[in-house]
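File shown: structure-v6.txt (compact mmCIF, C-alpha atoms).
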# COMPACT_ATOMS: atom_id res chain seq x y z
CA PHE A 1 120.65 33.93 68.63
CA SER A 2 119.45 35.03 72.11
CA CYS A 3 122.75 36.87 72.59
CA LEU A 4 122.18 38.73 69.33
CA ILE A 5 118.69 39.83 70.44
CA THR A 6 120.08 41.02 73.78
CA PHE A 7 122.78 43.01 71.99
CA VAL A 8 120.22 44.74 69.72
CA VAL A 9 117.96 45.61 72.67
CA VAL A 10 120.89 47.16 74.54
CA ILE A 11 121.91 49.21 71.49
CA LEU A 12 118.33 50.49 70.98
CA PHE A 13 118.08 51.40 74.66
CA PHE A 14 121.22 53.53 74.62
CA ALA A 15 120.31 55.07 71.28
CA GLY A 16 116.92 56.11 72.66
CA ALA A 17 118.47 57.53 75.80
CA PHE A 18 120.98 59.52 73.72
CA LEU A 19 118.24 60.89 71.44
CA THR A 20 116.09 61.92 74.41
CA HIS A 21 119.04 63.68 76.05
CA THR A 22 119.85 65.50 72.81
CA LEU A 23 116.27 66.76 72.41
CA GLN A 24 116.22 67.98 76.00
CA ILE A 25 119.40 69.95 75.43
CA GLN A 26 117.99 71.51 72.29
CA ALA A 27 114.71 72.45 73.96
CA THR A 28 116.42 74.13 76.92
CA GLU A 29 119.26 75.80 75.09
CA PRO A 30 119.32 79.52 75.99
CA GLY A 31 117.64 81.72 73.40
CA LEU A 32 115.68 78.89 71.80
CA GLU A 33 111.95 79.53 72.19
CA VAL A 34 109.58 76.65 71.57
CA PRO A 35 105.95 77.91 71.65
CA VAL A 36 103.40 75.33 72.70
CA VAL A 37 100.58 75.15 70.17
CA SER A 38 97.31 73.43 71.03
CA GLU A 39 95.77 71.47 68.19
CA GLY A 40 97.69 73.35 65.54
CA ARG A 41 96.55 76.83 66.62
CA GLU A 42 98.63 79.73 65.36
CA VAL A 43 100.74 81.59 67.93
CA LYS A 44 100.77 85.39 67.95
CA ARG A 45 103.50 87.23 69.82
CA VAL A 46 102.29 90.34 71.67
CA VAL A 47 104.70 92.85 73.24
CA LEU A 48 103.64 94.68 76.42
CA LEU A 49 105.88 97.76 76.59
CA GLY A 50 105.80 100.02 79.64
CA ALA A 51 107.14 100.31 83.17
CA SER A 52 104.86 102.62 85.18
CA SER A 53 102.41 101.26 87.75
CA VAL A 54 99.59 102.88 85.79
CA ILE A 55 100.30 101.14 82.49
CA LYS A 56 100.90 97.84 84.30
CA SER A 57 97.39 98.06 85.75
CA VAL A 58 96.08 98.51 82.21
CA PHE A 59 98.16 95.54 81.04
CA ASN A 60 96.77 93.35 83.84
CA GLY A 61 93.18 94.09 82.87
CA LEU A 62 93.93 93.68 79.18
CA GLN A 63 95.81 90.41 79.54
CA THR A 64 93.14 88.86 81.77
CA GLU A 65 90.37 89.71 79.32
CA LEU A 66 92.42 88.78 76.26
CA ASP A 67 93.24 85.36 77.69
CA GLN A 68 89.55 84.84 78.36
CA LEU A 69 88.68 85.74 74.76
CA ALA A 70 91.35 83.37 73.47
CA SER A 71 90.05 80.53 75.62
CA VAL A 72 86.40 80.68 74.55
CA SER A 73 86.58 81.53 70.84
CA ASP A 74 88.43 80.46 67.74
CA GLY A 75 91.62 82.32 67.07
CA PRO A 76 95.33 82.31 67.75
CA GLU A 77 97.13 81.50 70.95
CA ILE A 78 98.96 84.44 72.48
CA GLU A 79 102.56 84.56 73.61
CA TYR A 80 103.37 87.67 75.70
CA VAL A 81 106.71 89.46 75.74
CA ASN A 82 106.85 91.81 78.75
CA LEU A 83 109.27 94.69 78.21
CA ASP A 84 109.30 96.40 81.62
CA ILE A 85 111.35 99.32 80.32
CA PRO A 86 111.02 102.99 81.37
CA TYR A 87 110.60 105.49 78.57
CA THR A 88 113.82 107.13 77.43
CA GLU A 89 114.97 107.71 73.89
CA ILE A 90 117.87 105.27 74.30
CA ASN A 91 115.57 102.60 75.73
CA MET A 92 113.12 103.07 72.87
CA GLN A 93 115.94 102.75 70.32
CA ASN A 94 116.89 99.41 71.88
CA VAL A 95 113.24 98.32 71.88
CA VAL A 96 112.88 99.15 68.18
CA ASP A 97 116.06 97.20 67.39
CA TYR A 98 114.71 94.19 69.29
CA ILE A 99 111.27 94.29 67.69
CA ILE A 100 112.70 94.60 64.18
CA THR A 101 114.68 91.37 64.63
CA ALA A 102 112.04 89.49 66.62
CA GLU A 103 108.84 88.01 65.23
CA VAL A 104 106.36 90.42 66.82
CA ASP A 105 102.72 90.50 65.73
CA LEU A 106 101.39 93.37 67.85
CA ILE A 107 102.60 95.96 70.37
CA ILE A 108 100.64 97.32 73.33
CA THR A 109 102.15 100.40 74.96
CA GLY A 110 101.45 103.83 76.45
CA HIS A 111 101.11 107.31 75.01
CA SER A 112 104.68 108.44 75.70
CA GLU A 113 106.26 105.43 74.04
CA VAL A 114 104.20 105.59 70.86
CA LYS A 115 105.50 109.00 69.85
CA TYR A 116 108.87 107.32 69.26
CA LEU A 117 107.63 103.99 67.92
CA LYS A 118 105.09 105.37 65.44
CA ASP A 119 107.67 106.47 62.85
CA LYS A 120 110.04 103.55 63.38
CA LEU A 121 107.59 100.63 63.27
CA ARG A 122 104.97 101.28 60.60
CA ASP A 123 104.25 97.66 59.65
CA ILE A 124 103.33 96.27 63.09
CA PRO A 125 99.93 97.03 64.70
CA ILE A 126 100.34 99.18 67.81
CA VAL A 127 97.56 99.54 70.40
CA VAL A 128 98.07 102.62 72.58
CA ALA A 129 96.57 102.05 76.01
CA LEU A 130 95.66 105.14 78.06
CA ALA A 131 96.17 107.43 75.11
CA SER A 132 95.70 111.14 75.75
CA ASP A 133 93.85 113.13 73.09
CA PRO A 134 95.28 111.19 70.12
CA VAL A 135 93.59 113.41 67.52
CA GLU A 136 94.76 116.66 69.12
CA SER A 137 98.21 115.13 69.61
CA GLY A 138 98.42 114.42 65.89
CA PHE A 139 98.55 110.63 66.25
CA ALA A 140 95.11 109.95 64.74
CA VAL A 141 93.34 111.61 61.83
CA SER A 142 89.92 111.51 63.53
CA GLN A 143 87.88 109.88 66.27
CA MET A 144 87.01 107.17 63.72
CA GLY A 145 90.56 105.92 63.39
CA SER A 146 94.23 106.69 63.10
CA GLY A 147 94.55 106.17 59.36
CA ARG A 148 97.63 104.05 59.99
CA ASN A 149 98.92 101.18 62.16
CA LEU A 150 97.77 102.70 65.48
CA ALA A 151 94.66 102.01 67.57
CA PHE A 152 93.85 104.01 70.71
CA ILE A 153 92.25 103.36 74.10
CA GLU A 154 91.68 106.87 75.48
CA GLY A 155 91.78 107.18 79.25
CA GLY A 156 89.89 110.47 79.58
CA SER A 157 92.68 112.32 81.37
CA SER A 158 92.09 115.67 79.67
CA ALA A 159 88.32 115.58 80.15
CA ASN A 160 88.83 114.75 83.84
CA ALA A 161 91.42 117.46 84.55
CA ALA A 162 88.94 120.17 85.53
CA LYS A 163 86.63 117.77 87.38
CA ARG A 164 89.52 116.56 89.51
CA LEU A 165 90.18 120.11 90.64
CA ASP A 166 86.47 120.67 91.37
CA PHE A 167 86.31 117.63 93.64
CA PHE A 168 89.38 118.72 95.54
CA LEU A 169 87.93 122.19 96.14
CA GLU A 170 84.88 120.54 97.70
CA LEU A 171 87.25 118.93 100.15
CA MET A 172 89.42 122.04 100.67
CA PRO A 173 87.36 125.12 99.64
CA GLU A 174 89.87 127.52 101.21
CA ALA A 175 92.65 126.46 98.79
CA LYS A 176 93.91 129.30 96.60
CA ASN A 177 97.41 128.38 95.39
CA ILE A 178 97.86 125.00 93.73
CA LEU A 179 101.17 123.75 92.38
CA VAL A 180 100.87 121.84 89.09
CA ILE A 181 103.68 119.39 88.39
CA ARG A 182 103.95 118.02 84.85
CA GLY A 183 106.33 116.86 82.18
CA ALA A 184 107.33 119.37 79.51
CA ASP A 185 104.98 119.50 76.54
CA PHE A 186 107.55 118.16 74.09
CA LEU A 187 108.35 115.31 76.46
CA ASP A 188 104.87 114.02 77.30
CA ASP A 189 103.23 115.06 74.02
CA THR A 190 99.79 114.58 75.60
CA GLY A 191 98.15 117.44 73.76
CA PRO A 192 97.02 120.82 75.13
CA LEU A 193 93.48 120.00 76.23
CA GLY A 194 94.27 118.75 79.73
CA ILE A 195 96.24 121.76 80.91
CA GLU A 196 93.88 124.18 79.13
CA ASN A 197 90.83 122.61 80.80
CA LEU A 198 92.59 122.88 84.14
CA ARG A 199 93.55 126.52 83.58
CA GLN A 200 90.05 127.54 82.54
CA GLU A 201 88.50 125.87 85.58
CA ALA A 202 91.09 127.44 87.90
CA MET A 203 90.35 130.87 86.46
CA LYS A 204 86.62 130.34 86.95
CA ARG A 205 87.19 129.24 90.55
CA GLN A 206 89.74 132.05 91.21
CA ILE A 207 92.53 129.58 91.85
CA ASN A 208 96.15 130.53 91.23
CA LEU A 209 97.93 127.71 89.39
CA ILE A 210 101.70 127.58 89.83
CA ASP A 211 102.70 125.63 86.71
CA LYS A 212 106.04 123.81 86.82
CA GLU A 213 107.36 121.75 83.88
CA PHE A 214 110.17 119.21 84.11
CA THR A 215 112.26 117.33 81.58
CA THR A 216 114.29 114.91 83.71
CA ARG A 217 113.94 112.94 86.93
CA GLN A 218 117.01 114.70 88.30
CA GLU A 219 115.39 118.08 87.70
CA LEU A 220 112.21 117.01 89.50
CA ASN A 221 114.20 115.54 92.40
CA LYS A 222 116.14 118.82 92.79
CA PHE A 223 112.88 120.77 92.77
CA PHE A 224 111.41 118.66 95.57
CA LEU A 225 114.58 119.15 97.60
CA GLU A 226 114.67 122.93 97.26
CA TYR A 227 111.09 124.17 96.83
CA ASP A 228 109.30 125.98 99.66
CA PHE A 229 105.97 124.14 99.81
CA SER A 230 104.62 126.46 102.51
CA GLN A 231 103.61 128.89 99.76
CA VAL A 232 101.09 126.47 98.19
CA ASP A 233 97.91 124.81 99.47
CA ALA A 234 98.06 121.62 97.42
CA ILE A 235 99.86 119.80 94.60
CA TYR A 236 98.13 118.73 91.40
CA ARG A 237 99.68 115.70 89.71
CA HIS A 238 99.07 116.41 86.03
CA GLN A 239 98.53 113.70 83.42
CA GLY A 240 101.35 112.31 81.28
CA GLY A 241 104.01 109.65 81.17
CA PHE A 242 106.62 111.78 82.93
CA ASN A 243 104.70 111.92 86.19
CA ALA A 244 103.67 108.28 85.86
CA ALA A 245 107.31 107.25 85.55
CA ASN A 246 108.43 109.43 88.47
CA ILE A 247 105.45 109.14 90.79
CA ASP A 248 107.61 107.57 93.50
CA LEU A 249 109.34 110.93 94.04
CA PHE A 250 106.02 112.51 95.04
CA PHE A 251 105.73 110.07 97.92
CA ALA A 252 109.42 109.94 98.83
CA PHE A 253 109.21 113.67 99.60
CA ASN A 254 105.82 113.53 101.31
CA PRO A 255 107.31 114.20 104.78
CA LYS A 256 108.80 117.41 103.38
CA ILE A 257 105.82 118.44 101.26
CA LYS A 258 103.10 118.01 103.92
CA LYS A 259 100.42 119.16 101.48
CA PRO A 260 97.45 117.39 99.86
CA ILE A 261 98.36 115.75 96.54
CA ILE A 262 95.61 115.43 93.93
CA MET A 263 96.05 112.13 92.10
CA MET A 264 94.64 110.28 89.09
CA ASN A 265 94.15 106.68 90.21
CA ARG A 266 93.63 104.33 93.10
CA GLN A 267 97.22 103.06 93.28
CA GLU A 268 98.55 106.60 93.68
CA LEU A 269 95.87 107.41 96.22
CA GLU A 270 96.80 104.40 98.33
CA ALA A 271 100.45 105.48 98.23
CA GLY A 272 99.73 108.86 99.83
CA GLY A 273 97.48 111.09 97.74
CA VAL A 274 94.42 112.74 99.25
CA ILE A 275 91.89 112.37 96.41
CA ALA A 276 91.86 110.70 93.00
CA TYR A 277 89.45 110.86 90.10
CA GLY A 278 89.60 108.79 86.95
CA PRO A 279 88.75 105.41 85.45
CA ARG A 280 89.76 102.09 86.92
CA TYR A 281 92.68 101.18 84.71
CA GLU A 282 92.05 97.45 84.75
CA LYS A 283 88.71 98.16 83.04
CA VAL A 284 90.40 100.37 80.47
CA GLY A 285 92.70 97.46 79.69
CA ALA A 286 89.78 95.04 79.47
CA ALA A 287 88.15 97.27 76.87
CA GLY A 288 91.40 97.32 74.93
CA ALA A 289 91.45 93.52 74.83
CA ALA A 290 88.54 93.47 72.38
CA VAL A 291 90.48 95.74 70.02
CA VAL A 292 93.61 93.59 70.27
CA TRP A 293 91.64 90.40 69.64
CA GLN A 294 90.00 91.82 66.51
CA ILE A 295 93.40 92.78 65.12
CA LEU A 296 95.02 89.44 65.93
CA LYS A 297 92.18 87.57 64.26
CA GLY A 298 92.43 89.74 61.16
CA GLN A 299 88.91 91.09 61.63
CA ALA A 300 89.97 94.74 61.88
CA HIS A 301 92.85 97.02 60.93
CA PRO A 302 94.13 99.64 63.41
CA ALA A 303 93.68 102.39 60.83
CA ASN A 304 89.89 101.97 60.88
CA ILE A 305 89.24 101.27 64.56
CA PRO A 306 87.39 104.14 66.32
CA ILE A 307 89.09 105.55 69.41
CA VAL A 308 87.76 103.80 72.52
CA HIS A 309 86.84 106.13 75.41
CA ASN A 310 84.05 107.24 77.78
CA PHE A 311 84.96 105.00 80.72
CA GLN A 312 83.17 105.27 84.05
CA ASN A 313 85.23 107.39 86.45
CA GLU A 314 85.66 106.80 90.17
CA LEU A 315 86.15 109.36 92.92
CA GLY A 316 88.42 108.16 95.72
CA LEU A 317 89.39 109.62 99.09
CA ASN A 318 92.30 108.71 101.34
CA ARG A 319 90.65 109.54 104.65
CA ARG A 320 93.78 108.77 106.66
CA VAL A 321 95.88 111.29 104.72
CA ALA A 322 93.11 113.90 104.83
CA LYS A 323 92.92 113.63 108.62
CA GLU A 324 96.71 113.76 108.99
CA LEU A 325 96.68 117.03 107.03
CA GLY A 326 93.91 118.44 109.22
CA LEU A 327 91.27 118.55 106.50
CA THR A 328 87.59 118.49 107.46
CA ILE A 329 85.76 116.03 105.24
CA PRO A 330 82.22 117.19 104.36
CA ASP A 331 79.46 114.59 104.43
CA SER A 332 78.53 115.67 100.91
CA PHE A 333 81.98 114.62 99.71
CA LEU A 334 81.78 111.28 101.48
CA SER A 335 78.44 110.57 99.82
CA LYS A 336 80.00 111.15 96.37
CA ALA A 337 83.10 109.02 96.91
CA ASP A 338 83.08 105.68 95.10
CA TYR A 339 85.73 104.30 97.45
CA ILE A 340 87.44 105.41 100.66
CA ILE A 341 90.88 104.38 101.88
CA ASP A 342 91.35 104.38 105.64

Would you write out, as C-alpha cells, the structure that this file holds?
Amino acid sequence: FSCLITFVVVILFFAGAFLTHTLQIQATEPGLEVPVVSEGREVKRVVLLGASSVIKSVFNGLQTELDQLASVSDGPEIEYVNLDIPYTEINMQNVVDYIITAEVDLIITGHSEVKYLKDKLRDIPIVVALASDPVESGFAVSQMGSGRNLAFIEGGSSANAAKRLDFFLELMPEAKNILVIRGADFLDDTGPLGIENLRQEAMKRQINLIDKEFTTRQELNKFFLEYDFSQVDAIYRHQGGFNAANIDLFFAFNPKIKKPIIMMNRQELEAGGVIAYGPRYEKVGAAGAAVVWQILKGQAHPANIPIVHNFQNELGLNRRVAKELGLTIPDSFLSKADYIID
C-alpha cells in the first residue's frame, strides 16, 4: 500500500511540473499578450502615435498624468502601445492596418498624423495633441467640439507666431531679412493663421520674410547644403509636423548656417536655437490626460469635447548661442525670460 501511495505522489509531482511548464510556454509565446488586471478592472488599450521629440514630450506629460488619474479613481487600467513611427503616407497606411486588426480603444497622436487617420478610423476615439487651428483646418466644426470622433488639445502655435518674432527682434533689433522654413501647406495642413499672423507682424515691423516651403527631407537637406545664409539675418522655424520631424537637420547644419534660429520649445532651444517661445509641452500633455480619461470612462464623447487651449507660454534664451553669434543681450530681455540656458 505504501508503494502505491509513493507511486501516486510521483505521478502528481510530474503532472504538476508538466502543467506549470506548459502554462509558462503559453504565457511567453511570441505575440500572445496577457494583460494584468487588478481586481477585475477593465483594460483599455491606448495607442501613442508619433516620433518627433515635440510629440514625445506631450506624450510624457500625458502618460504621467493619466497614470495618476487611473491610480486614484475608479476606471479602467491602461495598456499603452507606443508606435514611434515618423509620419509618411506609407507608414500611416501600415498603422491603420495594424489598428484595424488590433483591439485599440483610443489613439493619441499629432496634427499631421490625424489628417490621414480621420477618414480611415471613424469608430475609434482620436485625441489630437498639439493640434494647430483645428477649426480653420477643417478638422472640427467649432471650438465646442469636432462633431465626430476627434478631440483636440491646441498648442497655440498660430497665436504665438507673431509674438515669437517680436521677442526675437528685441534681442536683435537690427534684423531685416528672416528666412522662414516650413512644410508645404498641403503637407502640414496646419491652417493659414500661423503664417498669416507672422506675415502681418513682419510687415508692421518692416521685416522681409523669405518664405521657403519643403515637401521632403531630401529637399530640405539639399537646401541647407546649397543656400547662401549670408543673405539673411536669422532663421524662423515655423510650426508644423514637417519641421518637427526634420528638426535635426537644422542643428546638423548649424556650423554652416551660423545664424540665430528662432525655435518653438525648450528641447529645440537646448539643441542650438537662440530663443524659443511657446508652452511647456509636458503641461499640454497633462491637460490632455483629463480628456483621455473622460473618454475611456465613457463620461464624454470626442464629438462634444471643447477644444483645449490657452496654455501658459514660456520665453527661453540660449545665452551661450547668443554670445557665440555676437548678439548683445538687453537687460530688458533677460528680465522677461522665463528660463535661460547657459

* Asked: Just how far from CA of Ala286 (chain A) is CA of Lys120 (chain A), in Å to one decimal?
  ->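 CA of Ala286 (chain A) lies at a distance of 27.2 Å from CA of Lys120 (chain A).
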
* Asked: If you measure from CA of Ser71 (chain A) to CA of His301 (chain A), what distance in Å do you get, rounded to one decimal?
  ->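 Separation of CA of Ser71 (chain A) and CA of His301 (chain A): 22.3 Å.
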
Surrounding residues of Asp342 (chain A) excluding itself and chain neighbours under 3 positions, 9 Å, all atoms listed in the file, as an mmCIF file with C-alpha atoms, in the coordinates of the input:
data_model
loop_
_atom_site.group_PDB
_atom_site.id
_atom_site.type_symbol
_atom_site.label_atom_id
_atom_site.label_comp_id
_atom_site.auth_asym_id
_atom_site.auth_seq_id
_atom_site.Cartn_x
_atom_site.Cartn_y
_atom_site.Cartn_z
ATOM 1 C CA LEU A 317 89.390 109.620 99.090
ATOM 2 C CA ASN A 318 92.300 108.710 101.340
ATOM 3 C CA ARG A 319 90.650 109.540 104.650
ATOM 4 C CA ARG A 320 93.780 108.770 106.660
ATOM 5 C CA VAL A 321 95.880 111.290 104.720
#

Kindly provide the residues of region 139-191 of chain A that approach region 195-204 of chain A to within 9 Å, each paired with its closest atom pair and their distance in Å to one decimal, based on all atoms listed in the file, listed by chain and increasing number, as JSON lines.
{"residue": "A:Ser158", "atom": "CA", "partner": "A:Asn197", "partner_atom": "CA", "distance": 7.1}
{"residue": "A:Ala159", "atom": "CA", "partner": "A:Asn197", "partner_atom": "CA", "distance": 7.5}
{"residue": "A:Asn160", "atom": "CA", "partner": "A:Asn197", "partner_atom": "CA", "distance": 8.7}
{"residue": "A:Ala161", "atom": "CA", "partner": "A:Leu198", "partner_atom": "CA", "distance": 5.6}
{"residue": "A:Ala162", "atom": "CA", "partner": "A:Leu198", "partner_atom": "CA", "distance": 4.8}
{"residue": "A:Lys163", "atom": "CA", "partner": "A:Leu198", "partner_atom": "CA", "distance": 8.5}
{"residue": "A:Arg164", "atom": "CA", "partner": "A:Leu198", "partner_atom": "CA", "distance": 8.8}
{"residue": "A:Leu165", "atom": "CA", "partner": "A:Leu198", "partner_atom": "CA", "distance": 7.5}
{"residue": "A:Asp166", "atom": "CA", "partner": "A:Glu201", "partner_atom": "CA", "distance": 8.0}
{"residue": "A:Gly191", "atom": "CA", "partner": "A:Ile195", "partner_atom": "CA", "distance": 8.6}

* Two-atom distance - CA of Lys258 (chain A), CA of Gly278 (chain A) (Å) ->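 Spanning CA of Lys258 (chain A) to CA of Gly278 (chain A) is a straight-line distance of 23.6 Å.
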
* Asked: With only C-alpha atoms as the basis for distance, which of A:Ile305, A:Asn91, A:Leu269, A:Ile257 is at the shortest distance from Val292 (chain A)?
  ->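 That would be A:Ile305, the residue with the smallest distance to Val292 (chain A).
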
Go through region 220-302 of chain A and flag each residue having an atom no more than 9 Å from region 306-314 of chain A; for those, report the closest pair of atoms plus their distance in Å to one decimal, using only C-alpha atoms, ordered by chain and rising number, as a tab-separated table.
residue	atom	partner	partner_atom	distance
A:Asn265	CA	A:Glu314	CA	8.5
A:Arg266	CA	A:Glu314	CA	8.8
A:Ala276	CA	A:Glu314	CA	7.9
A:Tyr277	CA	A:Glu314	CA	5.6
A:Gly278	CA	A:Asn313	CA	4.6
A:Pro279	CA	A:Asn313	CA	4.2
A:Arg280	CA	A:Asn313	CA	7.0
A:Lys283	CA	A:Phe311	CA	8.1
A:Val284	CA	A:Phe311	CA	7.1
A:Ala287	CA	A:Val308	CA	7.9
A:Gly288	CA	A:Val308	CA	7.8
A:Val291	CA	A:Val308	CA	8.9
A:Pro302	CA	A:Pro306	CA	8.6

* For Ile262 (chain A), list every protein, DNA or RNA residue within 8 Å, evaluated using only C-alpha atoms, and leave out those in the same chain fewer than 4 positions away; present the list as a list in words. =>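 Everything that qualifies: Arg164, Leu165, Phe168, Ala234, Ile235, Tyr236, Arg237, Gly273, Val274, Ile275 and Ala276 of chain A.
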
* Residue neighbourhood Lys259 (chain A), 12 Å, all atoms listed in the file, exclusion window fewer than 5 positions, as a PyMOL selection string -> chain A and resi 172+175+177-179+228-236+250-251+253-254+272-274+321-327

* Asked: Any idea what's packed within 12 Å of Ile99 (chain A), counting all atoms listed in the file, ignoring anything in its chain fewer than 2 positions away? Could you give it as a list in words?
  ->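 Counting only the stated atoms, we get Arg45, Val46, Val47, Leu48, Leu49, Val81, Leu83, Met92, Gln93, Asn94, Val95, Val96, Asp97, Thr101, Ala102, Glu103, Val104, Asp105, Leu106, Ile107, Leu117, Lys120, Leu121, Arg122, Asp123, Ile124 and Ile126 of chain A.
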
* Asked: Which residue out of A:Gln267, A:Ser146, A:Gln206, A:Ser112 has the minimum interatomic distance to Tyr87 (chain A) when only C-alpha atoms are used?
  -> A:Ser112

* To do: Using all atoms listed in the file, pick whichever of A:Glu154, A:Glu65, A:Asp119, A:Glu226 has the shortest atom-to-atom distance to Asp133 (chain A).
  => A:Glu154
